[in-house]
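Chemist: Input structure: work-v2.pdb, which contains PDB, C-alpha atoms and all ligand atoms.
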```
ATOM      1  CA  MET A 317     214.982  91.298 -42.031
ATOM      2  CA  ALA A 318     217.531  89.640 -44.327
ATOM      3  CA  SER A 319     216.682  85.981 -45.015
ATOM      4  CA  GLN A 320     219.104  83.270 -43.981
ATOM      5  CA  PHE A 321     218.430  81.647 -47.375
ATOM      6  CA  ASP A 322     219.484  82.826 -50.832
ATOM      7  CA  ALA A 323     217.140  83.232 -53.801
ATOM      8  CA  HIS A 324     217.420  79.475 -54.498
ATOM      9  CA  GLY A 325     216.542  78.537 -50.902
ATOM     10  CA  ARG A 326     220.123  77.573 -50.017
ATOM     11  CA  LEU A 327     221.551  78.337 -46.571
ATOM     12  CA  ARG A 328     223.463  81.613 -46.767
ATOM     13  CA  HIS A 329     223.561  82.566 -43.080
ATOM     14  CA  LEU A 330     222.467  80.577 -40.013
ATOM     15  CA  VAL A 331     220.359  82.621 -37.603
ATOM     16  CA  THR A 332     217.670  80.179 -36.460
ATOM     17  CA  LEU A 333     216.430  76.618 -36.911
ATOM     18  CA  LYS A 334     212.835  77.863 -36.796
ATOM     19  CA  ASP A 335     211.086  76.965 -40.058
ATOM     20  CA  MET A 336     214.236  75.464 -41.594
ATOM     21  CA  PRO A 337     213.035  72.903 -44.166
ATOM     22  CA  ARG A 338     213.409  69.301 -43.019
ATOM     23  CA  THR A 339     215.552  68.340 -46.022
ATOM     24  CA  GLN A 340     218.005  71.141 -45.267
ATOM     25  CA  LEU A 341     218.206  70.271 -41.572
ATOM     26  CA  ALA A 342     218.711  66.572 -42.361
ATOM     27  CA  ALA A 343     221.392  67.444 -44.937
ATOM     28  CA  LEU A 344     223.331  69.416 -42.299
ATOM     29  CA  LEU A 345     223.094  66.466 -39.887
ATOM     30  CA  ASP A 346     224.222  64.016 -42.590
ATOM     31  CA  ARG A 347     227.159  66.213 -43.499
ATOM     32  CA  ALA A 348     228.113  66.611 -39.813
ATOM     33  CA  GLU A 349     227.927  62.845 -39.395
ATOM     34  CA  SER A 350     230.402  62.463 -42.269
ATOM     35  CA  PHE A 351     232.940  64.515 -40.288
ATOM     36  CA  LEU A 352     232.817  62.239 -37.221
ATOM     37  CA  THR A 353     235.710  59.866 -36.658
ATOM     38  CA  PRO A 354     236.172  57.343 -33.820
ATOM     39  CA  MET A 355     237.576  58.692 -30.546
ATOM     40  CA  GLY A 356     241.351  58.314 -30.596
ATOM     41  CA  ALA A 357     241.484  58.549 -34.391
ATOM     42  CA  GLN A 358     242.578  61.748 -36.125
ATOM     43  CA  PRO A 359     239.749  64.261 -36.567
ATOM     44  CA  ALA A 360     238.386  64.733 -40.073
ATOM     45  CA  ARG A 361     240.177  67.437 -42.056
ATOM     46  CA  SER A 362     239.727  68.986 -45.472
ATOM     47  CA  ASP A 363     240.772  72.078 -47.383
ATOM     48  CA  ALA A 364     237.171  73.066 -48.156
ATOM     49  CA  LEU A 365     237.703  76.474 -46.512
ATOM     50  CA  ALA A 366     241.357  76.963 -47.512
ATOM     51  CA  GLY A 367     242.030  80.638 -48.096
ATOM     52  CA  ARG A 368     238.910  81.659 -46.134
ATOM     53  CA  THR A 369     238.932  83.609 -42.863
ATOM     54  CA  ILE A 370     236.499  83.135 -39.970
ATOM     55  CA  ALA A 371     236.022  85.773 -37.242
ATOM     56  CA  ASN A 372     234.681  84.692 -33.850
ATOM     57  CA  LEU A 373     232.973  87.603 -32.080
ATOM     58  CA  PHE A 374     231.706  86.461 -28.696
ATOM     59  CA  PHE A 375     230.105  89.246 -26.676
ATOM     60  CA  GLU A 376     229.094  86.686 -24.013
ATOM     61  CA  PRO A 377     231.303  84.051 -22.336
ATOM     62  CA  SER A 378     231.757  80.670 -24.036
ATOM     63  CA  THR A 379     233.985  77.630 -23.814
ATOM     64  CA  ARG A 380     232.403  74.946 -26.033
ATOM     65  CA  THR A 381     230.892  76.987 -28.841
ATOM     66  CA  ARG A 382     233.819  79.296 -29.366
ATOM     67  CA  ALA A 383     236.450  76.539 -29.157
ATOM     68  CA  SER A 384     234.496  74.256 -31.484
ATOM     69  CA  PHE A 385     233.898  76.949 -34.119
ATOM     70  CA  GLU A 386     237.609  77.685 -33.970
ATOM     71  CA  LEU A 387     238.618  74.019 -34.347
ATOM     72  CA  ALA A 388     235.961  73.389 -37.005
ATOM     73  CA  ALA A 389     237.278  76.273 -39.114
ATOM     74  CA  GLN A 390     240.890  75.132 -38.706
ATOM     75  CA  ARG A 391     239.999  71.548 -39.633
ATOM     76  CA  LEU A 392     238.478  72.873 -42.858
ATOM     77  CA  GLY A 393     241.676  74.753 -43.615
ATOM     78  CA  ALA A 394     240.459  78.285 -42.775
ATOM     79  CA  GLU A 395     242.269  81.033 -40.899
ATOM     80  CA  VAL A 396     240.579  81.980 -37.617
ATOM     81  CA  LEU A 397     240.457  85.286 -35.811
ATOM     82  CA  SER A 398     238.972  85.129 -32.305
ATOM     83  CA  LEU A 399     238.589  88.738 -31.229
ATOM     84  CA  ASP A 400     239.072  89.422 -27.551
ATOM     85  CA  VAL A 401     236.029  91.613 -27.226
ATOM     86  CA  SER A 402     236.910  92.893 -23.744
ATOM     87  CA  THR A 403     240.139  94.464 -25.055
ATOM     88  CA  SER A 404     238.773  95.439 -28.480
ATOM     89  CA  SER A 405     237.882  98.974 -29.495
ATOM     90  CA  ARG A 406     234.255  98.230 -28.547
ATOM     91  CA  ALA A 407     235.512  99.193 -25.067
ATOM     92  CA  LYS A 408     236.394 102.635 -26.506
ATOM     93  CA  GLY A 409     232.872 103.148 -27.797
ATOM     94  CA  GLU A 410     233.138 101.705 -31.306
ATOM     95  CA  SER A 411     229.749 100.492 -32.491
ATOM     96  CA  LEU A 412     229.092  96.865 -33.331
ATOM     97  CA  LEU A 413     228.597  97.727 -36.999
ATOM     98  CA  ASP A 414     231.836  99.686 -37.177
ATOM     99  CA  THR A 415     233.588  96.654 -35.659
ATOM    100  CA  ILE A 416     231.996  94.431 -38.330
ATOM    101  CA  TYR A 417     232.904  96.825 -41.167
ATOM    102  CA  THR A 418     236.475  97.072 -39.873
ATOM    103  CA  LEU A 419     236.950  93.302 -39.788
ATOM    104  CA  GLN A 420     235.126  92.842 -43.087
ATOM    105  CA  ALA A 421     237.707  95.161 -44.637
ATOM    106  CA  MET A 422     240.318  92.594 -43.558
ATOM    107  CA  GLN A 423     238.551  90.084 -45.845
ATOM    108  CA  ILE A 424     236.566  88.052 -43.339
ATOM    109  CA  ASP A 425     234.322  85.423 -44.986
ATOM    110  CA  ILE A 426     232.256  84.256 -42.007
ATOM    111  CA  PHE A 427     231.317  86.115 -38.826
ATOM    112  CA  VAL A 428     230.421  83.875 -35.884
ATOM    113  CA  ILE A 429     228.465  85.977 -33.396
ATOM    114  CA  ARG A 430     227.312  85.457 -29.814
ATOM    115  CA  ASP A 431     225.419  88.293 -28.178
ATOM    116  CA  ALA A 432     223.128  88.796 -25.184
ATOM    117  CA  GLN A 433     220.792  91.033 -27.182
ATOM    118  CA  SER A 434     217.967  89.637 -29.305
ATOM    119  CA  GLY A 435     218.174  90.362 -33.017
ATOM    120  CA  VAL A 436     221.916  91.025 -33.276
ATOM    121  CA  PRO A 437     222.790  88.177 -35.714
ATOM    122  CA  ALA A 438     219.898  89.087 -38.039
ATOM    123  CA  PHE A 439     220.901  92.762 -37.861
ATOM    124  CA  ILE A 440     224.462  91.919 -38.897
ATOM    125  CA  CYS A 441     223.157  89.747 -41.759
ATOM    126  CA  GLU A 442     221.480  92.861 -43.156
ATOM    127  CA  HIS A 443     224.728  94.821 -43.190
ATOM    128  CA  VAL A 444     227.487  92.453 -44.296
ATOM    129  CA  ALA A 445     228.738  92.363 -47.888
ATOM    130  CA  PRO A 446     227.086  89.872 -50.291
ATOM    131  CA  HIS A 447     230.060  87.487 -50.106
ATOM    132  CA  VAL A 448     230.051  87.296 -46.290
ATOM    133  CA  ALA A 449     228.091  84.858 -44.097
ATOM    134  CA  VAL A 450     226.891  85.268 -40.504
ATOM    135  CA  LEU A 451     226.468  82.359 -38.087
ATOM    136  CA  ASN A 452     224.551  82.718 -34.834
ATOM    137  CA  ALA A 453     226.551  81.207 -31.959
ATOM    138  CA  GLY A 454     223.979  82.087 -29.291
ATOM    139  CA  GLU A 455     221.466  84.939 -29.259
ATOM    140  CA  SER A 456     219.970  86.024 -25.916
ATOM    141  CA  HIS A 457     217.344  83.454 -24.829
ATOM    142  CA  LEU A 458     216.083  83.004 -28.384
ATOM    143  CA  ASN A 459     218.350  80.967 -30.661
ATOM    144  CA  HIS A 460     221.398  78.718 -30.516
ATOM    145  CA  PRO A 461     221.033  76.928 -33.847
ATOM    146  CA  THR A 462     224.316  74.991 -33.936
ATOM    147  CA  GLN A 463     223.552  73.724 -30.421
ATOM    148  CA  GLY A 464     220.116  72.580 -31.637
ATOM    149  CA  LEU A 465     221.766  70.744 -34.522
ATOM    150  CA  LEU A 466     224.340  69.003 -32.347
ATOM    151  CA  ASP A 467     221.650  68.029 -29.867
ATOM    152  CA  VAL A 468     219.406  66.363 -32.447
ATOM    153  CA  LEU A 469     222.455  64.772 -34.107
ATOM    154  CA  THR A 470     223.367  63.226 -30.744
ATOM    155  CA  MET A 471     219.790  61.992 -30.232
ATOM    156  CA  ARG A 472     219.613  60.604 -33.774
ATOM    157  CA  ARG A 473     222.898  58.715 -33.410
ATOM    158  CA  HIS A 474     221.680  57.012 -30.218
ATOM    159  CA  LEU A 475     217.985  56.560 -30.901
ATOM    160  CA  GLY A 476     217.527  56.705 -34.692
ATOM    161  CA  ASP A 477     214.077  57.903 -35.733
ATOM    162  CA  LEU A 478     212.702  60.210 -33.026
ATOM    163  CA  SER A 479     209.049  60.033 -34.084
ATOM    164  CA  ASP A 480     208.127  57.588 -31.304
ATOM    165  CA  LYS A 481     210.548  58.928 -28.693
ATOM    166  CA  VAL A 482     209.976  61.060 -25.586
ATOM    167  CA  VAL A 483     212.404  63.925 -25.057
ATOM    168  CA  THR A 484     212.330  65.684 -21.676
ATOM    169  CA  ILE A 485     214.057  69.014 -21.106
ATOM    170  CA  LEU A 486     214.474  69.849 -17.448
ATOM    171  CA  GLY A 487     215.452  73.136 -15.811
ATOM    172  CA  ASP A 488     215.391  76.831 -16.662
ATOM    173  CA  ILE A 489     213.375  76.664 -19.867
ATOM    174  CA  GLN A 490     212.280  80.302 -19.781
ATOM    175  CA  HIS A 491     215.760  81.721 -20.310
ATOM    176  CA  SER A 492     217.084  78.947 -22.552
ATOM    177  CA  ARG A 493     218.053  79.434 -26.192
ATOM    178  CA  VAL A 494     219.111  75.765 -26.129
ATOM    179  CA  ALA A 495     215.549  74.655 -25.344
ATOM    180  CA  ARG A 496     214.117  76.904 -28.065
ATOM    181  CA  SER A 497     216.514  75.643 -30.741
ATOM    182  CA  ALA A 498     215.921  72.020 -29.676
ATOM    183  CA  HIS A 499     212.170  72.663 -29.939
ATOM    184  CA  HIS A 500     212.623  74.091 -33.448
ATOM    185  CA  ALA A 501     214.726  71.136 -34.618
ATOM    186  CA  LEU A 502     212.594  68.454 -32.981
ATOM    187  CA  GLY A 503     209.453  70.055 -34.400
ATOM    188  CA  THR A 504     210.926  69.849 -37.905
ATOM    189  CA  LEU A 505     212.285  66.312 -37.584
ATOM    190  CA  GLY A 506     209.226  65.061 -35.697
ATOM    191  CA  VAL A 507     209.384  63.785 -32.123
ATOM    192  CA  GLY A 508     206.952  61.536 -30.283
ATOM    193  CA  GLU A 509     206.603  63.902 -27.327
ATOM    194  CA  LEU A 510     208.558  66.899 -26.063
ATOM    195  CA  ARG A 511     208.170  67.502 -22.323
ATOM    196  CA  LEU A 512     209.381  70.689 -20.666
ATOM    197  CA  VAL A 513     209.805  70.526 -16.893
ATOM    198  CA  ALA A 514     210.474  73.738 -14.976
ATOM    199  CA  PRO A 515     209.470  75.429 -11.742
ATOM    200  CA  PRO A 516     206.658  77.972 -12.267
ATOM    201  CA  ALA A 517     209.142  80.891 -12.062
ATOM    202  CA  LEU A 518     211.249  79.458 -14.913
ATOM    203  CA  ARG A 519     208.436  78.234 -17.150
ATOM    204  CA  PRO A 520     208.143  79.936 -20.556
ATOM    205  CA  ASP A 521     205.029  81.233 -22.258
ATOM    206  CA  PRO A 522     203.505  78.025 -23.733
ATOM    207  CA  ALA A 523     202.838  79.960 -26.962
ATOM    208  CA  GLU A 524     206.608  79.919 -27.562
ATOM    209  CA  PHE A 525     206.668  76.104 -27.486
ATOM    210  CA  PRO A 526     203.705  74.886 -29.523
ATOM    211  CA  GLY A 527     203.150  71.138 -29.263
ATOM    212  CA  ALA A 528     205.269  70.701 -26.102
ATOM    213  CA  VAL A 529     203.856  69.383 -22.838
ATOM    214  CA  MET A 530     204.612  71.657 -19.837
ATOM    215  CA  LEU A 531     205.062  70.029 -16.442
ATOM    216  CA  ASP A 532     206.260  71.074 -13.004
ATOM    217  CA  ASP A 533     206.402  67.526 -11.597
ATOM    218  CA  THR A 534     209.925  66.311 -12.323
ATOM    219  CA  ASP A 535     209.259  62.618 -11.695
ATOM    220  CA  ALA A 536     206.303  62.683 -14.097
ATOM    221  CA  GLY A 537     208.432  64.476 -16.681
ATOM    222  CA  VAL A 538     211.266  61.963 -16.525
ATOM    223  CA  ARG A 539     209.111  58.809 -16.322
ATOM    224  CA  GLY A 540     209.458  56.758 -19.521
ATOM    225  CA  ALA A 541     211.642  59.355 -21.289
ATOM    226  CA  ASP A 542     214.167  58.315 -23.947
ATOM    227  CA  VAL A 543     216.182  61.521 -23.579
ATOM    228  CA  VAL A 544     216.599  63.701 -20.490
ATOM    229  CA  MET A 545     218.316  66.996 -21.162
ATOM    230  CA  CYS A 546     219.210  69.161 -18.150
ATOM    231  CA  LEU A 547     219.599  72.939 -18.315
ATOM    232  CA  ARG A 548     221.348  75.184 -15.826
ATOM    233  CA  ILE A 549     219.685  78.179 -14.155
ATOM    234  CA  GLN A 550     220.675  81.123 -16.373
ATOM    235  CA  ARG A 551     221.404  83.536 -13.537
ATOM    236  CA  GLU A 552     222.881  86.071 -15.963
ATOM    237  CA  ARG A 553     219.418  86.536 -17.512
ATOM    238  CA  MET A 554     217.503  87.251 -14.281
ATOM    239  CA  GLU A 555     217.613  89.529 -11.290
ATOM    240  CA  GLN A 556     219.649  87.767  -8.609
ATOM    241  CA  THR A 557     216.789  88.142  -6.120
ATOM    242  CA  ARG A 558     214.619  86.001  -8.445
ATOM    243  CA  ALA A 559     217.197  83.228  -8.899
ATOM    244  CA  PRO A 560     216.194  79.976  -7.168
ATOM    245  CA  ASP A 561     218.397  78.506  -4.469
ATOM    246  CA  GLY A 562     220.652  75.788  -5.911
ATOM    247  CA  SER A 563     220.033  73.079  -3.317
ATOM    248  CA  ASP A 564     216.242  73.631  -3.323
ATOM    249  CA  PHE A 565     216.347  73.405  -7.119
ATOM    250  CA  HIS A 566     218.345  70.169  -7.011
ATOM    251  CA  ARG A 567     215.884  68.579  -4.605
ATOM    252  CA  GLU A 568     212.821  69.437  -6.696
ATOM    253  CA  PHE A 569     214.110  69.622 -10.278
ATOM    254  CA  GLY A 570     217.613  68.142 -10.386
ATOM    255  CA  LEU A 571     218.343  64.931 -12.301
ATOM    256  CA  THR A 572     219.364  62.520  -9.548
ATOM    257  CA  PRO A 573     220.150  58.799  -9.987
ATOM    258  CA  GLU A 574     216.748  57.999  -8.432
ATOM    259  CA  ARG A 575     214.937  60.180 -10.972
ATOM    260  CA  LEU A 576     216.948  58.863 -13.900
ATOM    261  CA  ALA A 577     215.824  55.345 -12.895
ATOM    262  CA  LEU A 578     212.269  56.423 -13.856
ATOM    263  CA  ALA A 579     213.340  57.005 -17.484
ATOM    264  CA  GLN A 580     213.705  54.228 -20.067
ATOM    265  CA  PRO A 581     216.633  51.912 -19.230
ATOM    266  CA  HIS A 582     218.302  52.986 -22.495
ATOM    267  CA  ALA A 583     217.662  56.698 -21.873
ATOM    268  CA  ILE A 584     220.474  59.108 -22.658
ATOM    269  CA  VAL A 585     221.359  62.086 -20.455
ATOM    270  CA  MET A 586     222.263  65.330 -22.172
ATOM    271  CA  HIS A 587     223.436  68.771 -21.041
ATOM    272  CA  PRO A 588     224.590  71.604 -23.311
ATOM    273  CA  GLY A 589     227.071  72.813 -20.683
ATOM    274  CA  PRO A 590     228.292  74.555 -18.707
ATOM    275  CA  MET A 591     227.011  72.283 -15.934
ATOM    276  CA  ASN A 592     226.372  73.161 -12.338
ATOM    277  CA  ARG A 593     226.821  69.813 -10.655
ATOM    278  CA  GLU A 594     224.467  69.088  -7.758
ATOM    279  CA  VAL A 595     222.105  71.809  -8.995
ATOM    280  CA  GLU A 596     220.358  70.777 -12.242
ATOM    281  CA  ILE A 597     222.241  67.460 -12.475
ATOM    282  CA  ALA A 598     223.919  65.146  -9.957
ATOM    283  CA  GLY A 599     227.628  64.728 -10.669
ATOM    284  CA  SER A 600     227.187  60.935 -10.618
ATOM    285  CA  VAL A 601     224.525  61.205 -13.363
ATOM    286  CA  ALA A 602     226.699  63.509 -15.471
ATOM    287  CA  ASP A 603     229.514  60.943 -15.272
ATOM    288  CA  SER A 604     227.308  57.853 -15.653
ATOM    289  CA  PRO A 605     227.354  55.495 -18.660
ATOM    290  CA  GLN A 606     224.006  56.989 -19.760
ATOM    291  CA  SER A 607     225.538  60.452 -20.096
ATOM    292  CA  VAL A 608     226.354  61.580 -23.647
ATOM    293  CA  ILE A 609     227.472  65.060 -22.590
ATOM    294  CA  THR A 610     231.004  64.760 -23.940
ATOM    295  CA  GLU A 611     229.653  63.240 -27.185
ATOM    296  CA  GLN A 612     227.555  66.391 -27.606
ATOM    297  CA  VAL A 613     230.777  68.390 -27.478
ATOM    298  CA  THR A 614     232.419  66.146 -30.090
ATOM    299  CA  ASN A 615     229.362  66.372 -32.330
ATOM    300  CA  GLY A 616     229.450  70.164 -31.995
ATOM    301  CA  VAL A 617     232.712  70.413 -33.911
ATOM    302  CA  ALA A 618     231.302  68.266 -36.731
ATOM    303  CA  VAL A 619     228.090  70.320 -36.877
ATOM    304  CA  ARG A 620     230.029  73.576 -37.097
ATOM    305  CA  MET A 621     232.196  72.156 -39.872
ATOM    306  CA  ALA A 622     229.035  71.159 -41.747
ATOM    307  CA  VAL A 623     227.429  74.574 -41.325
ATOM    308  CA  MET A 624     230.522  76.524 -42.395
ATOM    309  CA  GLN A 625     231.136  74.366 -45.447
ATOM    310  CA  THR A 626     227.476  74.624 -46.448
ATOM    311  CA  VAL A 627     227.254  78.429 -46.285
ATOM    312  CA  MET A 628     230.562  78.802 -48.128
ATOM    313  CA  GLU A 629     229.228  76.558 -50.907
ATOM    314  CA  THR A 630     226.122  78.731 -51.133
ATOM    315  CA  LEU A 631     228.247  81.847 -51.504
ATOM    316  CA  HIS A 632     230.898  80.504 -53.892
ATOM    317  CA  ASP A 633     229.649  77.510 -55.882
TER     318      ASP A 633
HETATM  319  N1  LIG B   1     226.579  75.033 -24.887
HETATM  320  C1  LIG B   1     227.218  76.206 -24.935
HETATM  321  O1  LIG B   1     226.799  77.134 -25.648
HETATM  322  O2  LIG B   1     228.331  76.273 -24.154
HETATM  323  P1  LIG B   1     229.325  77.529 -24.089
HETATM  324  O3  LIG B   1     228.547  78.658 -23.433
HETATM  325  O4  LIG B   1     230.493  77.074 -23.275
HETATM  326  O5  LIG B   1     229.686  77.890 -25.491
END
```
Any chance you could put this one into structure tokens?

Modeler:
Amino acid sequence: MASQFDAHGRLRHLVTLKDMPRTQLAALLDRAESFLTPMGAQPARSDALAGRTIANLFFEPSTRTRASFELAAQRLGAEVLSLDVSTSSRAKGESLLDTIYTLQAMQIDIFVIRDAQSGVPAFICEHVAPHVAVLNAGESHLNHPTQGLLDVLTMRRHLGDLSDKVVTILGDIQHSRVARSAHHALGTLGVGELRLVAPPALRPDPAEFPGAVMLDDTDAGVRGADVVMCLRIQRERMEQTRAPDGSDFHREFGLTPERLALAQPHAIVMHPGPMNREVEIAGSVADSPQSVITEQVTNGVAVRMAVMQTVMETLHD
């Protein structure tokens, strides 16, 4: 498999946060932080990617990730092509690689890929030209590295050093690339305790989450936590007959105001979106002062700017 690093260890593609060196991860967070401006102020802009072209190829639905990659590229001065996959020639049987080669011939510099199938971003890394970068924007249940970065950036901005903090992730862990990328990033940065709370049917193989504490008692999982991150039931990744009922799930595993009161008084509430209110999270909790869900979205643009600028520097400096 092609490495996401070049011969000097610099980030060339972004496929996963697993085993990313701490200095590199921290440098991406620091750079993202430099792109943040106060709400109401103009967003940060530069011409770092002027003359470059970014192609968004989303073979699964997206609102946040696709829009923020698009805005991030524009704010760095790049041109952006967001291919409408449903009306592309993929529908006429063109292979994924032929689609990539076709767009690459139009002088694309960065491919941003979301796909339901495991291994697709790494596969494309192996086939693009040496001057082209590939960024994983969500890969099956396995990786969502820019989401992992924006999540730890949000935690770091609210809580500082995470080494004595308790982070609880609540919901459908088994099918969640968000949980896996958060686990990768928190493992690298160091976290006091990572708790994963899920019903037995949605619990992952513990071997995939070394160091994490698995629980099926929601109150115990939330008690004393500094961060509570809720995840939706990923119905698209399971047979519908296996999907839990939404109101049963809310009663046993949803983040209600009563449950949030068990967390630290300063605890922040996170959700990668899209949310299903009154299933994994009560609407009143999502809209409460402890919720940082919209900040996560803001931080996502900054993270994607940082990642794109970093890989372009690797390829062209
Ligand atoms: N968090 C996230 O990936 O959201 P979208 O599916 O809307 O991109």

Chemist: Quick one: residues within 8 Å of region 589-606 of chain A, all atoms listed in the file, excluding same-chain residues fewer than 2 positions away - as JSON, numbers by chain?

Modeler: {"A": [380, 486, 487, 546, 547, 548, 549, 562, 563, 565, 566, 569, 570, 571, 572, 573, 576, 582, 583, 584, 585, 587, 608, 609]}

Chemist: Just checking: using all atoms listed in the file, which residue out of A:Phe351, A:Glu552, A:Asp561, A:Ile489 ends up closest to Met530 (chain A)?

Modeler: A:Ile489

Chemist: Any residue with an atom at most 9 Å from ligand LIG 1 (chain B) counts, using only C-alpha atoms and all ligand atoms. Which are they? Put them as a list in words.

Modeler: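 Final answer, ordered by chain and number: Glu376, Pro377, Ser378, Thr379, Arg380, Thr381, Arg382, Ala383, Ser384, Ala453, Gly454, His460, Thr462, Gln463, Val494, His587, Pro588, Gly589, Pro590 and Val613 of chain A.
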
Chemist: Choose the residue, out of A:Asp480, A:Asp521, A:Asp400, A:Asp488, that has the smallest atom-to-atom separation from Gln550 (chain A); count only C-alpha atoms.

Modeler: A:Asp488

Chemist: Of the candidates A:Ala501, A:Leu412, A:Ile424, A:Ser456, which one gets nearest to Met471 (chain A) if we count all atoms listed in the file?

Modeler: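 Using all atoms listed in the file, the shortest distance to Met471 (chain A) belongs to A:Ala501.
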
Chemist: Skipping near chain neighbours, those fewer than 5 positions away, what residues fall within 10 Å of Pro516 (chain A) using all atoms listed in the file, listed as a list of chain:residue names?

Modeler: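 That gives A:Asp488, A:Gln490, A:Leu531, A:Asp532.
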
Chemist: Evaluated on this file, the PyMOL selection byres (((chain A and resi 445) around 12) and not hetatm) picks out some residues - which ones are they, written as a compact mmCIF listing (two decimals) with C-alpha atoms, in the coordinates of the input?

Modeler:
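result-v9.txt, freshly written:
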```txt
# COMPACT_ATOMS: atom_id res chain seq x y z
CA ILE A 416 232.00 94.43 -38.33
CA TYR A 417 232.90 96.82 -41.17
CA LEU A 419 236.95 93.30 -39.79
CA GLN A 420 235.13 92.84 -43.09
CA ALA A 421 237.71 95.16 -44.64
CA GLN A 423 238.55 90.08 -45.84
CA ILE A 424 236.57 88.05 -43.34
CA ASP A 425 234.32 85.42 -44.99
CA ILE A 426 232.26 84.26 -42.01
CA PHE A 427 231.32 86.12 -38.83
CA ILE A 440 224.46 91.92 -38.90
CA CYS A 441 223.16 89.75 -41.76
CA GLU A 442 221.48 92.86 -43.16
CA HIS A 443 224.73 94.82 -43.19
CA VAL A 444 227.49 92.45 -44.30
CA PRO A 446 227.09 89.87 -50.29
CA HIS A 447 230.06 87.49 -50.11
CA VAL A 448 230.05 87.30 -46.29
CA ALA A 449 228.09 84.86 -44.10
CA VAL A 450 226.89 85.27 -40.50
CA LEU A 631 228.25 81.85 -51.50
```

Chemist: Report as AutoDock Vina command-line options the centre and the edge lengths, in Å to one decimal, of the axis-aligned box holding every listed atom of region 389-397 of chain A, padded by 8 Å on each side.

Modeler:
```
--center_x 239.8 --center_y 78.4 --center_z -39.7 --size_x 21.0 --size_y 29.7 --size_z 23.8
```

Chemist: Between CA of Glu509 (chain A) and CA of Ala559 (chain A), what distance in Å does the model show, to one decimal?

Modeler: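 Computing the Euclidean distance for CA of Glu509 (chain A) and CA of Ala559 (chain A) yields 28.7 Å.
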
Chemist: Measuring between all atoms listed in the file, which one of A:Ile429, A:Leu505, A:Val331, A:Val619 shows the shortest distance to Ala348 (chain A)?

Modeler: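 Once distances to Ala348 (chain A) are computed over all atoms listed in the file, the minimum belongs to A:Val619.
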
Chemist: Which residue out of A:Ala364, A:Val507, A:Ala407, A:Leu451 has the minimum interatomic distance to Gly527 (chain A) when only C-alpha atoms are used?

Modeler: A:Val507

Chemist: Interatomic distance between CA of Ser607 (chain A) and CA of Ser497 (chain A)?

Modeler: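 Those two atoms sit 20.6 Å apart.
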
Chemist: Would you compute the distance between CA of Val543 (chain A) and CA of Val483 (chain A)? Give it in Å to one decimal.

Modeler: 4.7 Å

Chemist: So which residues get picked by the PyMOL selection byres (((chain A and resi 524) around 12) and not hetatm) here, written as a CSV table (one decimal) with C-alpha atoms, keeping the file's coordinate frame?

Modeler:
```
chain,number,residue,atom,x,y,z
A,334,LYS,CA,212.8,77.9,-36.8
A,457,HIS,CA,217.3,83.5,-24.8
A,458,LEU,CA,216.1,83.0,-28.4
A,489,ILE,CA,213.4,76.7,-19.9
A,490,GLN,CA,212.3,80.3,-19.8
A,491,HIS,CA,215.8,81.7,-20.3
A,492,SER,CA,217.1,78.9,-22.6
A,493,ARG,CA,218.1,79.4,-26.2
A,495,ALA,CA,215.5,74.7,-25.3
A,496,ARG,CA,214.1,76.9,-28.1
A,497,SER,CA,216.5,75.6,-30.7
A,499,HIS,CA,212.2,72.7,-29.9
A,500,HIS,CA,212.6,74.1,-33.4
A,512,LEU,CA,209.4,70.7,-20.7
A,519,ARG,CA,208.4,78.2,-17.2
A,520,PRO,CA,208.1,79.9,-20.6
A,521,ASP,CA,205.0,81.2,-22.3
A,522,PRO,CA,203.5,78.0,-23.7
A,523,ALA,CA,202.8,80.0,-27.0
A,525,PHE,CA,206.7,76.1,-27.5
A,526,PRO,CA,203.7,74.9,-29.5
A,527,GLY,CA,203.2,71.1,-29.3
A,528,ALA,CA,205.3,70.7,-26.1
A,529,VAL,CA,203.9,69.4,-22.8
A,530,MET,CA,204.6,71.7,-19.8
```

Chemist: Taking the file as shown, what set of residues would the PyMOL selection byres (((chain A and resi 369) around 7) and not hetatm) give back, as a PyMOL selection string?

Modeler: chain A and resi 367-368+370-371+394-396+424-426

Chemist: Looking at A:Pro461, A:Gly616, A:Gly537, A:Gly435, which one is nearest to Ile485 (chain A), with distances taken over only C-alpha atoms?

Modeler: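 Of A:Pro461, A:Gly616, A:Gly537, A:Gly435, the one nearest Ile485 (chain A), counting only C-alpha atoms, is A:Gly537.
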